Structures are given as C-alpha cells and as structure tokens.
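Please read the structure below before turning to the comments.
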Amino acid sequence: MAAQPGVFRASALSPARLAGIALLLTAAWIAFQGACVYHGQWRGLFRASVEFSLPEALRADLPLLPAGRGYDGQFYRVIAHDPWPPFSLDSSMDAPSVRRQRILVPALAWLFAAGQAAWIDPAYLGVILASIAGGVYWTARWFELRGRAPAWGLLFFVTPTALASVDRMLVDATLLALFIAAAAAWEHRQWGWLIMALALASLTRETGVLLAAGATAGLALQREWKPACAAALSALPALGWMAYLTITLGQAYAEANKQYLFPGLWRFLMNPESSAPLPLQALNLLGLLTIPICLGLAVWLAWRKETLALLALPFLGLAILLGAPEALGNPYAYGRSLGPVFALVLWTGAAQRAWWFAAALPAFAGVAAYSAAALLRGLGWGT
C-alpha cells in the first residue's frame with residue numbers, strides 16, 4: 001500500500017536523515033543570526049568583548065560587545081587560531097590554563113582549515129554544525145534501541161546544551177554528542193567506539209573526564225572488566241594535556257569560586273540579583289528549582305542501572321559545587337554544566353513514556369527564551 005499523503009514512512013526519518021534535518025535547521029539559524037542579528041558580521045556569534053585585546057588579524061569583521069557582555073566562545077576562537085605551544089595569544093583570554101584544556105573543538109577547526117587563518121572561523125562553525133548533526137544521529141540510534149521512533153532524536157536539538165552552543169559557539173554540544181554516542185556504543189557493546197567517544201569527550205572539556213569515570217564504574221558494576229579498564233585509560237590523553245598546561249601555564253583552578261549548590265540556590269532564590277526582564281528571571285528561577293528534582297531522578301535511574309545514568313552520575317558531584325552566582329544567574333550556565341543530567345531525564349523519560357520527563361523542561365525553556373529574547377533585541381524589538 002502506498003503511504004498516505006503527509007505521512008512519512010519509517011525509513012524517511014532514519015537517524016542519518018534526521019541528522020541532515022538538524023544540520024539544515026542549525027545552518028539556517030546561524031545564517032539568520034549572521035544576517036539579521038549581527039548585520040552580516042557573522043563572527044558576532046563568538047560574542048567577543050572589548051575587554052580582551054586581540055591582534056589586528058583577529059579583529060577583522062569582528063563586532064565587539066561592551067565589557068562584561070562577551071562569552072566563552074570568544075576564547076575558543078582564539079585557541080582555534082593558536083592551538084599549539086608556545087601559545088602566543090594567551091593575553092587574549094581570561095584563564096588560558098582553563099580554556100586550553102578544552103582543546104578538541106578548536107583543534108579540529110584548525111586541522112580542518114589546514115592552519116589557514118582565513119578558514120579557521122568557518123571551520124569552527126562546521127565543527128559545531130557537525131556536533132549537532134552527530135548528536136541528533138546518536139540520540140536517534142539510542143531511541144531506536146528502545147523501540148521508539150528515531151524522530152525522538154531531534155530532542156537533542158532542543159537541549160539547553162545544543163541551544164546555547166549554537167547561539168554562542170560553545171564546545172558543550174560536542175561533549176553532549178559524545179555523551180550520547182558513548183551510551184549508544186555501550187549498549188551495542190561496541191567497545192572501541194565507546195573508548196574513542198570517552199577519550200574525545202575528555203579532550204572536549206575537563207568535565208568530559210567525568211564520563212570516563214562514570215563508564216569505568218558502570219562497566220565494573222556490570223563485571224565488564226576489560227572495557228572498564230579501557231574506559232579508565234581513555235582519559236589519559238586529556239589528563240596528560242591538563243598536566244602539561246598546569247606545568248607550563250600554572251594551576252588552572254587556583255582562584256576558582258567554588259560554593260555549594262543548595263546554599264547557593266537558597267541565596268539566589270531569595271535574592272536573584274539579575275538585570276534580565278522579569279519573565280526571563282521567572283523562567284530562570286523555575287529552571288533552578290528543577291535542578292534538585294533532576295539530580296534525584298538521575299540517582300534513581302543510576303540505581304536502576306540505566307546506561308545514560310551511569311555515565312552521567314559523576315556530574316552529580318560537579319553539581320554540588322555549582323552554587324556560585326555566576327553558575328546560577330542564567331540557564332546558559334547551569335544548563336550547560338549539567339547538560340548530561342538534564343538530557344538524561346528528558347531522553348530516558350521520553351523513551352519510557354514517563355511523566356517525569358517534563359522535570360527537565362523548565363531549564364530547556366529558559367535557554368530557549370533567553371536565546372529568543374536576544375534574537376528579538378537584535379532585530380530591534382525591545383531594549
């Protein structure tokens with residue numbers, strides 16, 4: 001029987017085709033921002049600030065924001081232009097020893113551009129696009145394993161991590177894509193792919209080492225001793241890179257502002273100290289209230305030995321140290337830092353058709369609203 005009009009056949013929404021759809025949607029979003037929000041100067045996506053000096057070659061066609069309004073993408077762009085020792089552009093970053101730990105995305109941009117300065121920024125965009133497409137592909141594969149339609153893989157596209165990464169050229173979408181790729185490889189027992197995903201995740205961001213720790217503990221719990229040992233070793237390249245940076249550039253976290261989550265949440269809820277419009281403040285506060293709920297669900301799912309939960313479980317330890325105001329002030333910050341936890345709740349809940357999948361939605365809505373507000377301001381709506 002021929003398919004009814006307007007109804008997709010199952011093969012029409014395969015993981016590969018869904019990845020293509022996500023790629024087109026992301027490219028359209030970036031093109032819209034470049035043309036309408038940044039008035040043709042698409043490098044504005046990196047959100048560079050005047051407070052960090054740049055060499056003349058990196059200032060061309062780069063709109064600069066006022067001091068204090070830049071974001072992390074500006075530093076990853078600098079690293080992409082200067083990824084290897086002797087690190088001549090460290091004066092253009094706020095914390096070189098921290099930023100340079102997150103080497104994978106900038107290094108890939110440099111490699112794809114063959115080190116040609118004119119092509120590095122476009123190549124960086126290409127890496128972000130590939131991360132979104134890969135994340136959707138592996139999320140679709142993960143849902144297929146559970147007998148759900150691959151179209152659920154598009155949930156990757158709307159996570160706080162993916163939205164923030166596209167909006168501000170961040171490396172976190174790459175980490176989340178490797179998180180779900182590692183989970184799918186684990187459940188397929190494709191140990192080589194699992195170890196590769198874990199090693200790349202550790203080089204994407206220092207918190208990627210937590211995925212290797214989660215995989216090591218989870219595989220040991222399942223008595224998969226050889227993969228567990230390999231998972232532990234997968235973090236060695238990243239740990240070696242971190243050690244080198246610490247020796248050459250100094251201690252990475254000597255002045256880190258670490259405060260505990262629950263006292264920090266209480267202080268922030270009592271005194272938000274935000275300049276954002278009231279609707280955005282309300283969304284942010286609602287998202288903050290979901291953090292304890294999502295952490296509790298993550299523990300419960302790990303107790304049930306869900307693969308995603310075992311991988312994400314070490315992020316609960318990270319969450320305990322996210323009580324500083326800068327970590328709670330907007331959903332971009334905690335939405336990215338706890339990205340695997342929010343994604344775990346959303347994806348596992350959707351796969352199980354459980355009502356509690358909605359616990360993560362306020363954090364998702366907050367990032368979407370902040371991004372939409374920025375777009376509207378760029379188009380001249382509001383102030």
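Following the order of the structure tokens, first chain is A, next is B, and so on, with residues numbered from 1 inside each chain and ligands from 1 in the order they appear.
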Worksheet entry | 9 Å contact set for region 96-109 of chain A, only C-alpha atoms, chain neighbours under 2 positions out, as a ChimeraX atom specification | /A:72,75-84,90-94,111-115,119-128,170-171,174,200-206,238,241-242,245-246,248-253
Practice prompt. Taking the chain letters and numbering used in this document, name the residues of region 154-375 of chain A that DSSP puts in alpha helix (DSSP H), as a PyMOL selection string.
Written response: chain A and resi 160-168+172-187+191-204+208-221+225-233+236-249+261-270+278-303+307-312+315-319+325-328+331-337+339-351+361-375
Worksheet item: What's the 9 Å shell around Trp347 (chain A), counting only C-alpha atoms, without same-chain residues fewer than 5 positions away, as an MDAnalysis selection string?
Response: chainID A and resid 139 143 152:153 155:156 342 352 357
Long-range neighbours of Ile293 (chain A) as a PDB file with N, CA and C atoms, in the first residue's frame, 12 Å cut-off, only C-alpha atoms, 2 positions minimum in chain:
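What follows is the written file part38.pdb:
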ATOM      1  N   LEU A 286      12.527  29.128  37.783  1.00  0.00           N
ATOM      2  CA  LEU A 286      11.835  27.853  37.638  1.00  0.00           C
ATOM      3  C   LEU A 286      12.820  26.755  37.234  1.00  0.00           C
ATOM      4  N   GLY A 287      13.741  27.109  36.326  1.00  0.00           N
ATOM      5  CA  GLY A 287      14.766  26.141  35.939  1.00  0.00           C
ATOM      6  C   GLY A 287      15.643  25.738  37.106  1.00  0.00           C
ATOM      7  N   LEU A 288      15.988  26.702  37.960  1.00  0.00           N
ATOM      8  CA  LEU A 288      16.805  26.384  39.128  1.00  0.00           C
ATOM      9  C   LEU A 288      16.105  25.405  40.057  1.00  0.00           C
ATOM     10  N   LEU A 289      14.800  25.566  40.196  1.00  0.00           N
ATOM     11  CA  LEU A 289      14.047  24.673  41.075  1.00  0.00           C
ATOM     12  C   LEU A 289      14.014  23.242  40.541  1.00  0.00           C
ATOM     13  N   THR A 290      14.221  23.073  39.246  1.00  0.00           N
ATOM     14  CA  THR A 290      14.221  21.719  38.684  1.00  0.00           C
ATOM     15  C   THR A 290      15.543  20.991  38.919  1.00  0.00           C
ATOM     16  N   ILE A 291      16.602  21.711  39.274  1.00  0.00           N
ATOM     17  CA  ILE A 291      17.901  21.061  39.434  1.00  0.00           C
ATOM     18  C   ILE A 291      17.851  19.946  40.480  1.00  0.00           C
ATOM     19  N   LEU A 295      18.473  15.960  39.670  1.00  0.00           N
ATOM     20  CA  LEU A 295      19.548  15.228  40.335  1.00  0.00           C
ATOM     21  C   LEU A 295      18.996  13.983  41.040  1.00  0.00           C
ATOM     22  N   GLY A 296      17.851  14.115  41.687  1.00  0.00           N
ATOM     23  CA  GLY A 296      17.239  12.963  42.331  1.00  0.00           C
ATOM     24  C   GLY A 296      16.836  11.890  41.330  1.00  0.00           C
ATOM     25  N   LEU A 297      16.276  12.304  40.199  1.00  0.00           N
ATOM     26  CA  LEU A 297      15.905  11.343  39.163  1.00  0.00           C
ATOM     27  C   LEU A 297      17.130  10.653  38.589  1.00  0.00           C
ATOM     28  N   ALA A 298      18.244  11.391  38.452  1.00  0.00           N
ATOM     29  CA  ALA A 298      19.471  10.790  37.941  1.00  0.00           C
ATOM     30  C   ALA A 298      19.968   9.694  38.878  1.00  0.00           C
ATOM     31  N   VAL A 299      19.909   9.925  40.190  1.00  0.00           N
ATOM     32  CA  VAL A 299      20.321   8.905  41.156  1.00  0.00           C
ATOM     33  C   VAL A 299      19.418   7.676  41.044  1.00  0.00           C
ATOM     34  N   TRP A 300      18.119   7.892  40.935  1.00  0.00           N
ATOM     35  CA  TRP A 300      17.167   6.781  40.821  1.00  0.00           C
ATOM     36  C   TRP A 300      17.425   5.970  39.553  1.00  0.00           C
ATOM     37  N   LEU A 316      26.765  14.546  39.238  1.00  0.00           N
ATOM     38  CA  LEU A 316      26.103  14.952  40.472  1.00  0.00           C
ATOM     39  C   LEU A 316      27.112  15.556  41.448  1.00  0.00           C
ATOM     40  N   VAL A 341      22.859  15.692  32.701  1.00  0.00           N
ATOM     41  CA  VAL A 341      21.808  15.338  33.664  1.00  0.00           C
ATOM     42  C   VAL A 341      20.437  15.720  33.126  1.00  0.00           C
ATOM     43  N   PHE A 342      20.307  16.946  32.602  1.00  0.00           N
ATOM     44  CA  PHE A 342      19.024  17.358  32.032  1.00  0.00           C
ATOM     45  C   PHE A 342      18.648  16.472  30.842  1.00  0.00           C
ATOM     46  N   VAL A 345      17.361  12.993  31.942  1.00  0.00           N
ATOM     47  CA  VAL A 345      15.975  12.985  32.425  1.00  0.00           C
ATOM     48  C   VAL A 345      15.010  13.089  31.249  1.00  0.00           C
ATOM     49  N   TRP A 356       7.606  12.030  34.299  1.00  0.00           N
ATOM     50  CA  TRP A 356       8.644  12.848  34.923  1.00  0.00           C
ATOM     51  C   TRP A 356       9.663  13.389  33.923  1.00  0.00           C
ATOM     52  N   PHE A 357       9.550  13.012  32.645  1.00  0.00           N
ATOM     53  CA  PHE A 357      10.472  13.595  31.660  1.00  0.00           C
ATOM     54  C   PHE A 357      10.313  15.118  31.619  1.00  0.00           C
ATOM     55  N   ALA A 358       9.129  15.609  32.024  1.00  0.00           N
ATOM     56  CA  ALA A 358       8.870  17.046  31.991  1.00  0.00           C
ATOM     57  C   ALA A 358       9.670  17.813  33.035  1.00  0.00           C
ATOM     58  N   ALA A 359      10.320  17.099  33.976  1.00  0.00           N
ATOM     59  CA  ALA A 359      11.074  17.786  35.027  1.00  0.00           C
ATOM     60  C   ALA A 359      12.204  18.632  34.451  1.00  0.00           C
ATOM     61  N   ALA A 360      12.726  18.245  33.299  1.00  0.00           N
ATOM     62  CA  ALA A 360      13.839  18.987  32.717  1.00  0.00           C
ATOM     63  C   ALA A 360      13.379  20.142  31.845  1.00  0.00           C
ATOM     64  N   LEU A 361      12.109  20.204  31.507  1.00  0.00           N
ATOM     65  CA  LEU A 361      11.644  21.189  30.530  1.00  0.00           C
ATOM     66  C   LEU A 361      11.840  22.645  30.956  1.00  0.00           C
ATOM     67  N   PRO A 362      11.663  23.008  32.227  1.00  0.00           N
ATOM     68  CA  PRO A 362      11.885  24.423  32.572  1.00  0.00           C
ATOM     69  C   PRO A 362      13.281  24.922  32.236  1.00  0.00           C
ATOM     70  N   ALA A 363      14.302  24.102  32.435  1.00  0.00           N
ATOM     71  CA  ALA A 363      15.658  24.516  32.074  1.00  0.00           C
ATOM     72  C   ALA A 363      15.777  24.691  30.571  1.00  0.00           C
TER      73      ALA A 363
END
Find the residues around region 216-223 of chain A up to 8 Å (only C-alpha atoms counted), leave out those fewer than 4 positions away in its own chain, and share them as a PDB file with N, CA and C atoms, in the first residue's frame.
ATOM      1  N   ALA A 212      34.232   9.376  31.549  1.00  0.00           N
ATOM      2  CA  ALA A 212      35.123   8.216  31.644  1.00  0.00           C
ATOM      3  C   ALA A 212      35.004   7.570  33.013  1.00  0.00           C
ATOM      4  N   PRO A 227      36.554  -3.750  29.247  1.00  0.00           N
ATOM      5  CA  PRO A 227      36.089  -2.413  28.851  1.00  0.00           C
ATOM      6  C   PRO A 227      36.202  -1.395  29.972  1.00  0.00           C
ATOM      7  N   ALA A 228      36.011  -1.827  31.227  1.00  0.00           N
ATOM      8  CA  ALA A 228      36.132  -0.894  32.347  1.00  0.00           C
ATOM      9  C   ALA A 228      37.550  -0.361  32.453  1.00  0.00           C
ATOM     10  N   CYS A 229      38.535  -1.228  32.315  1.00  0.00           N
ATOM     11  CA  CYS A 229      39.935  -0.778  32.353  1.00  0.00           C
ATOM     12  C   CYS A 229      40.235   0.156  31.186  1.00  0.00           C
ATOM     13  N   ALA A 231      38.088   2.030  29.631  1.00  0.00           N
ATOM     14  CA  ALA A 231      37.400   3.299  29.880  1.00  0.00           C
ATOM     15  C   ALA A 231      38.208   4.177  30.825  1.00  0.00           C
ATOM     16  N   ALA A 232      38.812   3.564  31.843  1.00  0.00           N
ATOM     17  CA  ALA A 232      39.649   4.331  32.768  1.00  0.00           C
ATOM     18  C   ALA A 232      40.855   4.926  32.044  1.00  0.00           C
ATOM     19  N   LYS A 305      20.360   1.080  36.966  1.00  0.00           N
ATOM     20  CA  LYS A 305      21.432   0.701  36.043  1.00  0.00           C
ATOM     21  C   LYS A 305      21.152   1.115  34.606  1.00  0.00           C
ATOM     22  N   THR A 307      22.088   2.970  31.401  1.00  0.00           N
ATOM     23  CA  THR A 307      23.413   3.307  30.896  1.00  0.00           C
ATOM     24  C   THR A 307      23.669   4.811  30.911  1.00  0.00           C
ATOM     25  N   LEU A 310      24.344   5.932  34.445  1.00  0.00           N
ATOM     26  CA  LEU A 310      25.656   5.545  34.959  1.00  0.00           C
ATOM     27  C   LEU A 310      26.744   6.459  34.407  1.00  0.00           C
ATOM     28  N   LEU A 311      26.626   6.824  33.131  1.00  0.00           N
ATOM     29  CA  LEU A 311      27.594   7.743  32.536  1.00  0.00           C
ATOM     30  C   LEU A 311      27.526   9.125  33.182  1.00  0.00           C
TER      31      LEU A 311
END
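Coordinates place CA of Thr207 (chain A) at a distance of 24.2 Å from CA of Arg141 (chain A).
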Discussion item. So that I can check the surroundings of Pro263 (chain A), please list as a ChimeraX atom specification every protein, DNA and RNA residue that reaches within 12 Å of it, counting only C-alpha atoms and ignoring chain neighbours fewer than 2 positions away.
Written reply: /A:258-261,265-270,320-325,328
